[in-house]
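Enquirer: Here it is, the structure, as structure tokens.
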Amino acid sequence: MSFSKESVRETLKDDFVCTHSSIEGDRSAGHSLKHRPQDTPGLCGRGAGRQNVQTVFLTPNNEIFHVVTGFLDGDDLLEETRFAKRVFRELGRRPKQAAAMVVALHTQRLRDLGFDMKEIQAPENMMSEMLATSFSPEDLGMQFGRKTSGIGSKNDNMFQQMNRQRILKDHRFVMNNPLLEGAAFDAAPQELVGRHSSFFGSAGGPQTEFIQQMNQRMQGR
């Protein structure tokens, strides 16, 4: 999956200091479907499990300058690391304008991904929040219509719109909180991932067991 891609491992080894934290017992985290260690990895869509998985890029001073929620395949993860390296380089060149640079670079990134300024500047509403936080069949690798680097366009179907809103929400979080201290994010991640309870899984395990687990989660067991 993501870390099996050699170019991903190389860039993480050469350019980043990688850490992780356990979400066990974290009330802001969602649920995960069980898989045996020997199970073959299943299909999984971009952004799945955004309450369980957040890729957070921080400066050496523990300030957040980029964040991506949910699952990323190897290609998407590599693309996000490239953007993160670009932002970090610019912060080093213009330290006095660091916060403004974060906002400007994330705005340009959204423009490059096909978002227009009306979308970027529009206030969040109930519909955009629902699209960003709802569970999509594409979270289980089920594709509906064309896929454009996991992003899609304004004219795509509802499931691709979910991907777009998740990406927009991630960038907006950093734009609204440029260089937020990592400890502040750890204390209150709900602004980014929401307050509902989601679950995360892939369609690679035994189907009977998979369906049983999904039913249990939907029933709140």
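A note on labels: chains of the structure tokens are A, B, ... as shown, every chain counts residues from 1, and ligands are counted from 1 in their shown order.
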In region 63-121 of chain A, what's helix (DSSP H, G or I) per DSSP? Answer as a ChimeraX atom specification?
Expert: /A:74-93,95-112,117-121
Enquirer: List the neighbours of region 80-97 of chain A out to 12 Å using only C-alpha atoms; skip same-chain residues closer than 5 positions along the sequence, and give me the result as a PyMOL selection string.
Expert: chain A and resi 7-16+18+55-60+63-69+72-75+102-110+112-113+149+167+170-171+174+178-179
Enquirer: Take CA of Asn52 (chain A) and CA of Arg172 (chain A) and report the distance between them in Å, one decimal.
Expert: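 CA of Asn52 (chain A) sits 19.3 Å away from CA of Arg172 (chain A).
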Enquirer: CA of Gly49 (chain A) and CA of Pro189 (chain A), how far apart in Å?
Expert: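 A separation of 14.0 Å between them.
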Enquirer: Can you tell me how far CA of Val193 (chain A) sits from CA of Ala98 (chain A), in Å to one decimal?
Expert: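 If I compute the distance from CA of Val193 (chain A) to CA of Ala98 (chain A), I get 24.8 Å.
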Enquirer: Please determine, counting only C-alpha atoms, which residue among A:Pro123, A:Gly45, A:Arg164, A:Asn62 has the shortest atom-to-atom distance to Ala184 (chain A).
Expert: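 Of A:Pro123, A:Gly45, A:Arg164, A:Asn62, the one nearest Ala184 (chain A) is A:Asn62, counting only C-alpha atoms.
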